[in-house]
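> Here you go, entry-v2.cif (mmCIF, C-alpha atoms and all ligand atoms):
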data_run
loop_
_atom_site.label_atom_id
_atom_site.label_comp_id
_atom_site.auth_asym_id
_atom_site.auth_seq_id
_atom_site.Cartn_x
_atom_site.Cartn_y
_atom_site.Cartn_z
CA MET Y 1 -44.42 13.08 29.56
CA ILE Y 2 -42.82 15.26 32.27
CA HIS Y 3 -42.82 12.35 34.59
CA HIS Y 4 -41.13 10.30 31.92
CA ARG Y 5 -38.42 12.96 31.36
CA ASN Y 6 -37.62 13.15 35.07
CA HIS Y 7 -37.48 9.43 35.19
CA MET Y 8 -35.11 9.48 32.23
CA LYS Y 9 -32.88 12.06 33.93
CA ILE Y 10 -32.56 10.03 37.07
CA LYS Y 11 -31.77 6.93 35.14
CA ARG Y 12 -29.55 8.63 32.54
CA ASN Y 13 -26.29 7.11 33.72
CA GLN Y 14 -27.73 3.67 33.92
CA LEU Y 15 -29.30 4.08 30.50
CA TYR Y 16 -25.99 5.12 28.93
CA LEU Y 17 -24.42 2.09 30.52
CA LEU Y 18 -27.23 -0.14 29.34
CA PHE Y 19 -27.04 1.29 25.82
CA PHE Y 20 -23.29 0.79 25.78
CA ALA Y 21 -23.61 -2.77 27.03
CA CYS Y 22 -26.35 -3.52 24.48
CA SER Y 23 -24.31 -2.15 21.58
CA LEU Y 24 -21.36 -4.23 22.67
CA LEU Y 25 -23.46 -7.35 23.00
CA LEU Y 26 -25.13 -6.70 19.66
CA PHE Y 27 -21.81 -6.08 17.93
CA PHE Y 28 -20.00 -8.99 19.47
CA GLY Y 29 -23.11 -11.15 19.44
CA ILE Y 30 -23.24 -10.87 15.66
CA LYS Y 31 -19.53 -11.55 15.35
CA LEU Y 32 -19.83 -14.47 17.69
CA LYS Y 33 -22.57 -16.01 15.57
CA ALA Y 34 -20.51 -15.55 12.44
CA GLN Y 35 -17.46 -17.21 13.90
CA ASN Y 36 -18.34 -19.66 16.60
CA GLN Y 37 -21.04 -22.19 16.94
CA ASN Y 38 -21.70 -24.65 19.68
CA VAL Y 39 -22.92 -28.19 19.10
CA VAL Y 40 -24.92 -30.38 21.48
CA ILE Y 41 -25.37 -34.00 20.39
CA VAL Y 42 -27.81 -36.37 22.09
CA ILE Y 43 -27.56 -40.10 21.38
CA ILE Y 44 -30.64 -42.09 22.37
CA ASP Y 45 -29.52 -45.71 22.51
CA GLY Y 46 -31.61 -48.19 20.53
CA ALA Y 47 -34.82 -46.35 19.64
CA ARG Y 48 -36.48 -47.88 16.58
CA TYR Y 49 -37.55 -45.48 13.83
CA SER Y 50 -41.12 -46.77 13.89
CA GLU Y 51 -41.46 -45.37 17.44
CA THR Y 52 -39.77 -42.02 16.68
CA PHE Y 53 -40.12 -40.08 13.42
CA GLY Y 54 -41.32 -43.16 11.52
CA ASP Y 55 -44.55 -43.08 13.54
CA PRO Y 56 -47.12 -41.07 11.54
CA VAL Y 57 -48.66 -39.59 14.72
CA LYS Y 58 -45.35 -39.39 16.64
CA GLN Y 59 -47.17 -40.28 19.85
CA TYR Y 60 -44.01 -40.94 21.89
CA ILE Y 61 -42.01 -37.89 20.79
CA PRO Y 62 -44.10 -34.71 21.19
CA PHE Y 63 -41.10 -32.58 22.18
CA MET Y 64 -38.87 -33.71 19.32
CA SER Y 65 -41.76 -33.27 16.87
CA ALA Y 66 -42.06 -29.66 18.01
CA ILE Y 67 -38.29 -29.12 17.67
CA ALA Y 68 -38.45 -30.64 14.16
CA GLU Y 69 -40.74 -27.79 13.10
CA GLU Y 70 -37.82 -25.45 13.85
CA GLY Y 71 -35.22 -27.80 12.38
CA SER Y 72 -34.54 -30.62 9.93
CA ILE Y 73 -35.13 -34.37 9.92
CA ILE Y 74 -33.30 -36.91 7.78
CA ASP Y 75 -35.98 -39.46 6.94
CA GLU Y 76 -33.50 -41.96 5.48
CA PHE Y 77 -30.82 -42.12 8.17
CA TYR Y 78 -29.24 -45.55 8.68
CA ASN Y 79 -26.82 -47.54 10.72
CA ASN Y 80 -24.86 -48.92 7.76
CA GLY Y 81 -22.45 -51.02 9.84
CA ILE Y 82 -22.92 -53.10 12.96
CA THR Y 83 -26.15 -52.60 14.88
CA TYR Y 84 -24.58 -53.06 18.31
CA THR Y 85 -23.79 -50.19 20.69
CA SER Y 86 -20.14 -51.13 21.14
CA GLN Y 87 -19.40 -50.52 17.44
CA ALA Y 88 -21.99 -47.91 16.54
CA ILE Y 89 -21.18 -45.40 19.33
CA PRO Y 90 -17.50 -45.21 18.28
CA ALA Y 91 -18.66 -44.77 14.66
CA LEU Y 92 -20.82 -41.84 15.78
CA TRP Y 93 -17.82 -40.36 17.62
CA CYS Y 94 -15.34 -40.84 14.79
CA GLY Y 95 -17.29 -40.09 11.62
CA THR Y 96 -16.23 -43.49 10.34
CA TRP Y 97 -16.59 -47.14 11.28
CA THR Y 98 -13.52 -47.77 13.34
CA GLU Y 99 -11.72 -50.72 14.80
CA VAL Y 100 -12.42 -50.96 18.54
CA ARG Y 101 -9.57 -52.49 20.58
CA ASP Y 102 -9.45 -53.82 24.11
CA THR Y 103 -7.07 -52.21 26.55
CA VAL Y 104 -6.38 -51.78 30.23
CA TYR Y 105 -6.46 -48.12 31.22
CA ASN Y 106 -5.89 -46.87 34.78
CA GLY Y 107 -6.25 -50.46 35.97
CA SER Y 108 -9.64 -51.05 34.28
CA SER Y 109 -10.35 -53.29 31.31
CA THR Y 110 -12.08 -51.32 28.62
CA SER Y 111 -11.88 -50.58 24.90
CA TYR Y 112 -10.96 -47.62 22.72
CA ALA Y 113 -11.63 -46.34 19.22
CA VAL Y 114 -8.63 -46.62 16.89
CA ASN Y 115 -9.68 -43.58 14.82
CA PRO Y 116 -9.63 -40.10 16.34
CA THR Y 117 -12.97 -38.81 17.60
CA LEU Y 118 -14.89 -35.59 17.02
CA PHE Y 119 -13.81 -34.51 20.53
CA GLU Y 120 -10.14 -34.83 19.63
CA TYR Y 121 -10.43 -33.07 16.25
CA PHE Y 122 -12.36 -30.26 17.94
CA ARG Y 123 -9.93 -29.73 20.79
CA LYS Y 124 -6.81 -29.91 18.66
CA GLN Y 125 -8.00 -27.79 15.75
CA THR Y 126 -9.63 -25.04 17.82
CA ASN Y 127 -7.20 -25.05 20.77
CA ALA Y 128 -10.20 -25.82 22.94
CA SER Y 129 -9.51 -26.64 26.55
CA GLU Y 130 -10.87 -29.73 28.27
CA ILE Y 131 -13.81 -27.80 29.69
CA ASP Y 132 -14.92 -26.72 26.21
CA CYS Y 133 -15.65 -30.33 25.36
CA TYR Y 134 -17.86 -32.55 27.52
CA TYR Y 135 -19.24 -36.05 27.36
CA VAL Y 136 -22.13 -36.56 29.78
CA LEU Y 137 -23.33 -40.12 30.37
CA PRO Y 138 -24.60 -42.31 33.21
CA TYR Y 139 -22.09 -43.73 35.66
CA ILE Y 140 -20.11 -46.43 33.87
CA GLU Y 141 -17.29 -48.19 35.65
CA ASN Y 142 -15.12 -48.87 32.61
CA LEU Y 143 -15.64 -45.98 30.22
CA TRP Y 144 -15.10 -46.65 26.54
CA LEU Y 145 -12.26 -44.43 25.47
CA PRO Y 146 -11.51 -42.19 22.51
CA SER Y 147 -8.35 -42.78 20.51
CA PHE Y 148 -4.64 -43.03 21.21
CA ASP Y 149 -3.92 -41.77 17.68
CA PRO Y 150 -0.42 -40.23 17.70
CA ASP Y 151 -1.71 -36.98 16.14
CA TYR Y 152 -4.60 -36.71 18.61
CA GLY Y 153 -5.10 -38.97 21.64
CA PRO Y 154 -5.54 -38.43 25.40
CA SER Y 155 -4.44 -34.79 25.52
CA TYR Y 156 -7.47 -33.98 23.34
CA TRP Y 157 -10.04 -36.22 25.03
CA PRO Y 158 -13.23 -34.63 26.34
CA SER Y 159 -14.04 -34.10 29.98
CA PHE Y 160 -16.08 -37.11 31.02
CA HIS Y 161 -19.02 -36.44 33.31
CA SER Y 162 -20.20 -39.95 34.11
CA ALA Y 163 -22.73 -39.86 36.95
CA GLY Y 164 -26.16 -41.07 37.96
CA ILE Y 165 -28.02 -44.18 36.88
CA SER Y 166 -31.02 -43.05 34.84
CA ASP Y 167 -31.60 -40.84 31.82
CA THR Y 168 -33.25 -38.35 34.17
CA ASP Y 169 -30.02 -38.18 36.20
CA VAL Y 170 -28.10 -37.63 32.97
CA CYS Y 171 -30.49 -34.81 32.08
CA ASN Y 172 -29.90 -33.08 35.41
CA HIS Y 173 -26.13 -33.43 35.06
CA THR Y 174 -26.32 -32.13 31.48
CA LEU Y 175 -28.18 -28.99 32.54
CA PHE Y 176 -25.68 -28.49 35.36
CA VAL Y 177 -22.73 -28.76 32.97
CA MET Y 178 -24.35 -26.45 30.40
CA ASN Y 179 -25.23 -23.79 32.94
CA SER Y 180 -22.01 -23.79 34.93
CA ILE Y 181 -19.23 -24.82 32.53
CA TYR Y 182 -20.57 -23.80 29.09
CA PRO Y 183 -18.86 -26.42 26.90
CA ARG Y 184 -18.87 -25.63 23.17
CA LEU Y 185 -19.11 -29.27 22.19
CA LEU Y 186 -21.32 -31.46 24.36
CA LEU Y 187 -22.31 -35.08 23.77
CA VAL Y 188 -25.08 -36.58 25.89
CA TYR Y 189 -25.67 -40.32 26.00
CA LEU Y 190 -29.07 -41.68 27.06
CA ALA Y 191 -29.05 -45.44 27.73
CA ASP Y 192 -32.50 -46.26 29.13
CA VAL Y 193 -34.46 -46.85 25.90
CA ASP Y 194 -32.18 -49.75 24.97
CA HIS Y 195 -32.35 -51.24 28.47
CA ALA Y 196 -36.14 -51.02 28.50
CA GLY Y 197 -36.31 -52.55 25.02
CA HIS Y 198 -34.25 -55.57 26.07
CA ASN Y 199 -36.59 -55.95 28.99
CA GLY Y 200 -39.25 -56.89 26.45
CA ASN Y 201 -41.98 -54.77 28.05
CA TRP Y 202 -43.61 -52.55 25.44
CA ASN Y 203 -44.86 -50.03 28.03
CA TYR Y 204 -41.40 -49.64 29.62
CA TYR Y 205 -39.86 -49.27 26.20
CA THR Y 206 -42.25 -46.59 24.93
CA GLN Y 207 -42.20 -44.82 28.30
CA ALA Y 208 -38.38 -44.66 28.08
CA ILE Y 209 -38.71 -43.06 24.63
CA LYS Y 210 -41.14 -40.50 26.07
CA THR Y 211 -38.67 -39.72 28.85
CA ALA Y 212 -35.78 -39.35 26.41
CA ASP Y 213 -38.00 -37.11 24.27
CA SER Y 214 -38.79 -34.85 27.22
CA ILE Y 215 -35.08 -34.68 28.07
CA VAL Y 216 -34.32 -33.49 24.53
CA GLY Y 217 -37.07 -30.89 25.06
CA ALA Y 218 -35.45 -29.74 28.32
CA ILE Y 219 -32.03 -29.46 26.67
CA TRP Y 220 -33.51 -27.48 23.75
CA ASP Y 221 -35.30 -25.12 26.18
CA ASN Y 222 -32.07 -24.67 28.09
CA ILE Y 223 -30.24 -23.75 24.87
CA GLN Y 224 -32.87 -21.08 24.16
CA SER Y 225 -32.69 -19.59 27.66
CA ASN Y 226 -28.92 -19.63 28.14
CA GLN Y 227 -27.02 -16.55 26.99
CA PHE Y 228 -24.00 -18.59 25.96
CA TYR Y 229 -25.96 -20.98 23.72
CA GLU Y 230 -28.94 -18.99 22.50
CA ASN Y 231 -29.04 -18.45 18.71
CA ASN Y 232 -25.59 -19.88 18.47
CA THR Y 233 -25.95 -23.61 18.95
CA THR Y 234 -27.04 -26.61 16.92
CA LEU Y 235 -28.75 -29.54 18.62
CA ILE Y 236 -28.39 -32.94 16.96
CA VAL Y 237 -30.34 -36.02 18.12
CA THR Y 238 -29.69 -39.48 16.75
CA ASN Y 239 -29.42 -43.19 17.67
CA ASP Y 240 -26.70 -45.79 17.49
CA HIS Y 241 -29.05 -48.46 16.08
CA GLY Y 242 -32.75 -49.35 15.99
CA ARG Y 243 -34.36 -52.64 17.01
CA HIS Y 244 -35.53 -55.70 15.09
CA ASP Y 245 -38.66 -55.18 13.06
CA ASP Y 246 -41.47 -57.60 13.86
CA ALA Y 247 -40.42 -60.04 11.10
CA HIS Y 248 -36.96 -60.39 12.68
CA GLY Y 249 -37.72 -60.81 16.37
CA GLY Y 250 -39.34 -57.54 17.41
CA PHE Y 251 -38.38 -54.66 19.68
CA SER Y 252 -36.77 -56.69 22.47
CA GLY Y 253 -33.53 -57.19 20.51
CA HIS Y 254 -31.26 -55.79 17.83
CA GLY Y 255 -27.99 -56.59 16.09
CA CYS Y 256 -28.93 -57.83 12.64
CA SER Y 257 -29.25 -56.02 9.34
CA CYS Y 258 -33.04 -55.85 9.21
CA ASP Y 259 -34.60 -52.49 8.43
CA GLY Y 260 -35.76 -52.11 12.04
CA CYS Y 261 -32.18 -52.43 13.31
CA ARG Y 262 -30.74 -50.14 10.63
CA HIS Y 263 -33.29 -47.32 10.29
CA ILE Y 264 -32.68 -44.60 12.91
CA MET Y 265 -33.59 -40.98 13.52
CA PHE Y 266 -31.63 -37.84 12.77
CA LEU Y 267 -32.93 -34.48 14.00
CA ALA Y 268 -31.00 -31.21 13.88
CA ALA Y 269 -32.13 -27.73 14.87
CA GLY Y 270 -30.31 -24.49 15.45
CA LYS Y 271 -28.56 -21.57 13.96
CA ASN Y 272 -27.67 -22.78 10.49
CA ILE Y 273 -30.25 -25.55 10.06
CA LYS Y 274 -33.29 -25.34 7.77
CA ALA Y 275 -36.60 -25.04 9.62
CA GLY Y 276 -39.41 -27.52 9.03
CA TYR Y 277 -37.34 -29.47 6.51
CA ILE Y 278 -37.56 -33.23 5.91
CA SER Y 279 -34.74 -34.58 3.76
CA GLU Y 280 -35.22 -37.76 1.75
CA GLN Y 281 -31.50 -38.07 0.98
CA HIS Y 282 -29.98 -41.37 2.16
CA ARG Y 283 -27.50 -40.76 4.97
CA THR Y 284 -25.56 -42.96 7.35
CA ILE Y 285 -23.95 -42.89 10.82
CA PRO Y 286 -20.49 -41.62 9.71
CA ASP Y 287 -22.13 -38.46 8.30
CA MET Y 288 -23.19 -37.30 11.79
CA ALA Y 289 -19.78 -36.38 13.26
CA VAL Y 290 -18.56 -34.93 9.97
CA THR Y 291 -21.63 -32.67 9.83
CA ALA Y 292 -21.16 -31.65 13.48
CA GLY Y 293 -17.51 -30.93 12.62
CA SER Y 294 -18.57 -28.69 9.76
CA LEU Y 295 -20.77 -26.68 12.15
CA LEU Y 296 -17.79 -26.37 14.51
CA ASN Y 297 -15.60 -25.29 11.59
CA ILE Y 298 -13.25 -28.25 11.90
CA SER Y 299 -12.32 -31.02 9.54
CA LEU Y 300 -12.35 -34.73 10.47
CA GLU Y 301 -9.41 -35.69 8.30
CA LYS Y 302 -9.54 -39.44 8.99
CA ALA Y 303 -13.34 -39.74 8.76
CA THR Y 304 -15.25 -41.23 5.83
CA GLY Y 305 -18.63 -39.51 6.36
CA HIS Y 306 -19.94 -36.58 4.35
CA VAL Y 307 -21.30 -33.21 5.41
CA MET Y 308 -25.11 -33.23 5.24
CA SER Y 309 -25.19 -29.80 3.64
CA GLU Y 310 -28.78 -30.34 2.45
CA ILE Y 311 -29.99 -29.39 5.95
CA PHE Y 312 -27.96 -26.16 6.08
CA ASN Y 313 -29.66 -22.84 5.58
CA GLN Y 314 -26.78 -20.97 4.09
CA SER Y 315 -23.85 -21.84 1.95
CA PRO Y 316 -21.80 -24.60 3.53
CA VAL Y 317 -19.58 -23.84 6.45
CA TYR Y 318 -16.09 -24.25 5.09
CA PRO Y 319 -13.77 -26.72 6.74
CA TYR Y 320 -11.15 -25.37 9.02
CA SER Y 321 -7.81 -24.67 7.36
CA TYR Y 322 -4.68 -22.69 7.98
CA ASN Y 323 -4.94 -20.08 5.26
CA PRO Y 324 -1.73 -18.02 5.21
CA ASN Y 325 -3.57 -15.09 3.63
CA PHE Y 326 -5.69 -14.60 6.72
CA ASN Y 327 -4.75 -13.61 10.19
CA GLN Y 328 -5.26 -16.64 12.34
CA VAL Y 329 -4.78 -17.34 16.00
CA HIS Y 330 -2.47 -20.32 16.08
CA GLN Y 331 -2.37 -20.86 19.77
CA ILE Y 332 -3.76 -19.66 23.04
CA SER Y 333 -1.61 -21.04 25.79
CA PRO Y 334 -1.81 -22.11 28.43
CA ASN Y 335 -5.56 -22.47 28.65
CA PRO Y 336 -6.57 -22.79 31.49
CA PHE Y 337 -3.94 -20.34 32.76
CA ARG Y 338 -2.84 -19.12 36.17
CA GLU Y 339 -0.78 -15.96 35.64
CA ASN Y 340 -0.34 -15.13 31.94
CA VAL Y 341 -2.10 -16.33 28.83
CA ARG Y 342 -0.50 -15.78 25.43
CA PHE Y 343 -2.29 -15.38 22.09
CA ASP Y 344 0.03 -16.26 19.18
CA PHE Y 345 -0.93 -15.37 15.64
CA GLU Y 346 0.38 -14.58 12.21
CA ALA Y 347 -0.34 -10.97 11.29
CA SER Y 348 -0.45 -9.69 7.74
CA PRO Y 349 1.24 -6.29 7.18
CA ASN Y 350 -0.59 -3.22 8.55
CA SER Y 351 -2.66 -5.26 10.97
CA LEU Y 352 -4.41 -3.61 13.86
CA LEU Y 353 -5.06 -6.12 16.62
CA LYS Y 354 -7.55 -5.61 19.39
CA LEU Y 355 -8.02 -8.10 22.19
CA GLN Y 356 -11.07 -7.62 24.37
CA LEU Y 357 -11.92 -9.70 27.40
CA PHE Y 358 -15.36 -10.02 28.93
CA ASN Y 359 -16.74 -11.87 31.90
CA LEU Y 360 -19.77 -14.12 31.42
CA SER Y 361 -22.14 -11.30 32.40
CA GLY Y 362 -20.93 -9.37 29.35
CA LEU Y 363 -18.88 -6.80 31.27
CA LYS Y 364 -15.67 -5.78 29.56
CA ILE Y 365 -12.68 -6.55 31.77
CA LYS Y 366 -9.77 -5.41 29.66
CA SER Y 367 -8.82 -4.39 26.16
CA ILE Y 368 -5.40 -4.45 24.54
CA GLU Y 369 -4.48 -3.00 21.13
CA GLN Y 370 -1.37 -3.57 19.06
CA TRP Y 371 -0.31 -2.34 15.65
CA TYR Y 372 1.75 -4.56 13.33
CA PRO Y 373 3.03 -2.35 10.50
CA SER Y 374 5.18 -5.05 8.92
CA GLY Y 375 3.15 -8.11 9.95
CA GLY Y 376 4.70 -11.45 10.87
CA GLN Y 377 4.59 -13.45 14.09
CA GLY Y 378 2.69 -11.60 16.77
CA GLU Y 379 1.73 -12.24 20.31
CA ILE Y 380 -0.46 -10.61 22.91
CA ILE Y 381 -0.13 -11.51 26.55
CA TRP Y 382 -2.86 -10.95 29.12
CA ASN Y 383 -1.70 -11.00 32.70
CA GLY Y 384 -5.14 -11.75 34.14
CA CYS Y 385 -5.67 -8.16 35.40
CA ASP Y 386 -8.46 -5.70 34.64
CA GLU Y 387 -8.00 -2.13 33.33
CA ASN Y 388 -7.12 -0.95 36.85
CA GLY Y 389 -4.42 -3.56 37.29
CA ASN Y 390 -6.43 -5.65 39.74
CA GLU Y 391 -6.23 -9.38 39.32
CA VAL Y 392 -9.58 -10.79 38.12
CA SER Y 393 -11.14 -13.69 39.97
CA PRO Y 394 -10.71 -17.27 38.75
CA GLY Y 395 -13.36 -18.29 36.24
CA ILE Y 396 -14.35 -18.31 32.61
CA TYR Y 397 -13.69 -15.28 30.39
CA LEU Y 398 -14.71 -14.67 26.80
CA TYR Y 399 -12.14 -13.20 24.43
CA PHE Y 400 -12.70 -11.42 21.15
CA LEU Y 401 -9.61 -10.93 19.03
CA MET Y 402 -10.24 -8.52 16.19
CA ILE Y 403 -7.74 -8.39 13.38
CA ASN Y 404 -8.55 -5.90 10.62
CA GLY Y 405 -12.27 -6.38 11.08
CA ASN Y 406 -12.20 -10.19 11.43
CA THR Y 407 -13.12 -11.44 14.86
CA GLN Y 408 -12.18 -14.68 16.51
CA SER Y 409 -13.69 -15.49 19.84
CA GLY Y 410 -13.69 -18.17 22.46
CA LYS Y 411 -13.24 -18.93 26.10
CA ILE Y 412 -10.29 -18.88 28.41
CA ILE Y 413 -10.21 -20.10 31.95
CA LYS Y 414 -8.30 -18.51 34.77
CA HIS Y 415 -7.32 -20.68 37.71
CA LEU Y 416 -5.98 -19.48 41.04
CA PRO Y 417 -2.30 -18.53 40.75
CA TYR Y 418 0.30 -20.59 42.57
CA LYS Y 419 1.45 -18.74 45.66
CA ASN Y 420 4.92 -18.71 47.17
CA TYR Y 421 4.84 -18.85 50.92
ZN ZN H 501 -27.20 -49.37 21.55
ZN ZN H 502 -28.97 -53.16 23.17
ZN ZN H 503 -32.78 -56.71 13.32
#
Represent the supplied structure as structure tokens.

Amino acid sequence: MIHHRNHMKIKRNQLYLLFFACSLLLFFGIKLKAQNQNVVIVIIDGARYSETFGDPVKQYIPFMSAIAEEGSIIDEFYNNGITYTSQAIPALWCGTWTEVRDTVYNGSSTSYAVNPTLFEYFRKQTNASEIDCYYVLPYIENLWLPSFDPDYGPSYWPSFHSAGISDTDVCNHTLFVMNSIYPRLLLVYLADVDHAGHNGNWNYYTQAIKTADSIVGAIWDNIQSNQFYENNTTLIVTNDHGRHDDAHGGFSGHGCSCDGCRHIMFLAAGKNIKAGYISEQHRTIPDMAVTAGSLLNISLEKATGHVMSEIFNQSPVYPYSYNPNFNQVHQISPNPFRENVRFDFEASPNSLLKLQLFNLSGLKIKSIEQWYPSGGQGEIIWNGCDENGNEVSPGIYLYFLMINGNTQSGKIIKHLPYKNY
């Protein structure tokens, strides 16, 4: 006991610090969960349902079966449009079947989705910067593009991380992006199952499914062990299409409307998703992005899909809206910033505003308070300096803006300032 007391005395300062840090993390951690959620979507190209969750013993998907015990499966999830990648991937992006048009972009012939994509809705409606939104896929020379919709378009496209040749490469790049850039919306595209299927070799095909399954397992483990994502992230895994059932040509092809081509998997697990739940409700491809949007608190205004609220634990997450009765950050600009970043908002009368900035280790860098007795347009500017007036290093910072007990939080990025020589 005496030994313990002495030990306590020596460590008292550190313990106070630790206690303080823990209380902060607990407090803000809870607020963060209530306000912000991250979404990671994995698309496994061309896996037939009979080899994934339609297999009674699930022999090729041990990792996803384990994740399903912590999450929900839609047993009746279908490609209800065209069972080719070139149409179904844009439908997954857009929450609707969309026209896909050919174009030449930066000198390369490619195609783009006419409807806005989940990436664009997310970035525009949450003021998310390009590093908050990532699309990781193998190296593709002529990337298929999101939309040029006048309300959305290229300024809201995701960061593309297109590198490597195999699903394993894509896995490594995904873990790198998650652990160094911390995007809030991440889409991962795995292509090898479809390639192996077209090859016509059953062993290659089922081995590719096993590899994709283990990659989903690695991503799920990384979510659980990463401070930014833990307890605060939903993982969604689905397919663009299946493959012919045996009566329509078998696993080496796809593209028709047979049940094998249409029936695909949908797995979700995470913060707000029911555990160990298997839904029998009929759902289709456009519902995926709309459901992901609901978890991100955004609304896909031009989508036709529906929120799959049957898999949610709690009452539905309400779509994002500008409610004039609530204080709302309208803009954080510029983000990334070099010298000053400005938070614009509408304050109701008698608002107390507190802005707190943390680095990714959870250390508080700076706090700013302002009182708005008569409300109205408000702004807080952070000059990129800590409490002692020293400029902080370039990197990612977390902000928590508390307005009368409501907290909004997110990320801002500081780049090196321009220097005059
Ligand atoms: Zn495909
Ligand atoms: Zn194919
Ligand atoms: Zn078919």
> Go through the chains and note each residue within 9 Å of ligand ZN 503 (chain H), using all atoms listed in the file, then give the set as a PyMOL selection string.
chain Y and resi 83+242-251+253-262
> Ranking Y:Phe53, Y:Trp93, Y:Tyr397, Y:Phe337 by minimum distance to Phe228 of chain Y and counting all atoms listed in the file, which one comes first?
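Of the candidates, the smallest distance to Phe228 of chain Y is held by Y:Tyr397.
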> For a test of reading the model, state the distance in Å between atom CA of Gln331 of chain Y and atom CA of Ile381 of chain Y, rounded to one decimal.
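Taking atom CA of Gln331 of chain Y as the start and atom CA of Ile381 of chain Y as the end point, the length is 11.8 Å.
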> In Å, rounded to a single decimal, give me how far atom CA of Gln125 of chain Y is from atom CA of Gln227 of chain Y.
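Between atom CA of Gln227 of chain Y and atom CA of Gln125 of chain Y the gap is 24.8 Å.
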> Write out as a Markdown table a residue-level contact list of chain Y versus ligand ZN 502 (chain H) with cut-off 7 Å: for each qualifying residue the closest pair of atoms and the distance in Å to one decimal, counting all atoms listed in the file, rows sorted by chain and residue number upward.

| residue | atom | partner | partner_atom | distance |
| --- | --- | --- | --- | --- |
| Y:Gly46 | CA | H:ZN502 | ZN | 6.2 |
| Y:Tyr84 | CA | H:ZN502 | ZN | 6.5 |
| Y:Thr85 | CA | H:ZN502 | ZN | 6.5 |
| Y:Asp194 | CA | H:ZN502 | ZN | 5.0 |
| Y:His195 | CA | H:ZN502 | ZN | 6.6 |
| Y:His198 | CA | H:ZN502 | ZN | 6.5 |
| Y:Gly253 | CA | H:ZN502 | ZN | 6.6 |
| Y:His254 | CA | H:ZN502 | ZN | 6.4 |
> Mind giving me the straight-line distance from atom CA of Lys271 of chain Y to atom CA of Tyr121 of chain Y in Å, one decimal?
21.6 Å
> Produce a table with one row for each residue of segment 65-140 of chain Y that has an atom at most 7 Å from any atom of segment 170-185 of chain Y, each row naming the nearest atom pair and its distance in Å at one decimal; use only C-alpha atoms; arrange rows by chain and rising residue number; format as CSV.

residue,atom,partner,partner_atom,distance
Y:Ile131,CA,Y:Pro183,CA,5.9
Y:Asp132,CA,Y:Pro183,CA,4.0
Y:Cys133,CA,Y:Leu185,CA,4.8
Y:Tyr134,CA,Y:Pro183,CA,6.2
Y:Val136,CA,Y:Thr174,CA,6.3
Y:Leu137,CA,Y:Val170,CA,6.0
Y:Pro138,CA,Y:Val170,CA,5.8
> With a distance cut-off of 7 Å and all atoms listed in the file, select the neighbouring residues of Leu300 of chain Y, excluding the residue or stretch itself and same-chain residues fewer than 3 positions from it, and output the selection as a list of chain:residue names.
Y:Tyr121, Y:Val290, Y:Gly293, Y:Ala303
> Please dump the current selection as a short mmCIF file (atom, residue, chain, number, x, y, z; two decimals), keeping the file's coordinate frame; keep C-alpha atoms.

data_model
loop_
_atom_site.label_atom_id
_atom_site.label_comp_id
_atom_site.auth_asym_id
_atom_site.auth_seq_id
_atom_site.Cartn_x
_atom_site.Cartn_y
_atom_site.Cartn_z
CA TYR Y 121 -10.43 -33.07 16.25
CA VAL Y 290 -18.56 -34.93 9.97
CA GLY Y 293 -17.51 -30.93 12.62
CA ALA Y 303 -13.34 -39.74 8.76
#
> Could you make a table, as a tab-separated table, of the residues of segment 228-346 of chain Y that have an atom within 8 Å of an atom of segment 56-79 of chain Y, each with its nearest atom pair and distance in Å to one decimal, counting all atoms listed in the file, in chain and number order?

residue	atom	partner	partner_atom	distance
Y:Asp240	CA	Y:Asn79	CA	7.0
Y:His241	CA	Y:Asn79	CA	5.9
Y:Cys261	CA	Y:Asn79	CA	7.7
Y:Arg262	CA	Y:Asn79	CA	4.7
Y:His263	CA	Y:Tyr78	CA	4.7
Y:Ile264	CA	Y:Tyr78	CA	5.5
Y:Met265	CA	Y:Phe77	CA	6.1
Y:Phe266	CA	Y:Ile74	CA	5.3
Y:Leu267	CA	Y:Ile73	CA	4.6
Y:Ala268	CA	Y:Ser72	CA	5.3
Y:Ala269	CA	Y:Gly71	CA	4.0
Y:Gly270	CA	Y:Gly71	CA	6.7
Y:Ile273	CA	Y:Gly71	CA	5.9
Y:Lys274	CA	Y:Gly71	CA	5.6
Y:Ala275	CA	Y:Gly71	CA	4.1
Y:Gly276	CA	Y:Glu69	CA	4.3
Y:Tyr277	CA	Y:Ser72	CA	4.6
Y:Ile278	CA	Y:Ile73	CA	4.8
Y:Ser279	CA	Y:Ile74	CA	4.9
Y:Glu280	CA	Y:Asp75	CA	5.5
Y:Gln281	CA	Y:Glu76	CA	6.3
Y:His282	CA	Y:Glu76	CA	4.9
Y:Arg283	CA	Y:Phe77	CA	4.8
Y:Thr284	CA	Y:Tyr78	CA	4.7
Y:Ile285	CA	Y:Asn79	CA	5.5
Y:Ile311	CA	Y:Ser72	CA	6.2
> Counting only C-alpha atoms and all ligand atoms, which residue out of Y:Phe160, Y:Tyr49, Y:Tyr189, Y:Trp97 sits closest to ligand ZN 501 (chain H)?
Y:Tyr189
> Considering all atoms listed in the file, state which residue in the set Y:Ala196, Y:Ile412, Y:Ile41, Y:Ile365 is at the smallest distance from Ala128 of chain Y.
Y:Ile412
> Which one of Y:Asn106, Y:Gln207, Y:Thr238, Y:Ser162 sits closest to ligand ZN 501 (chain H) if you count all atoms listed in the file?
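That would be Y:Thr238, the residue with the smallest distance to ligand ZN 501 (chain H).
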> Nearest to ligand ZN 501 (chain H) among Y:Glu51, Y:Asp102, Y:Glu230, Y:Asp192, with distances taken over all atoms listed in the file: which residue is it?
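Answer, going by the shortest atom-to-atom distance: Y:Asp192.
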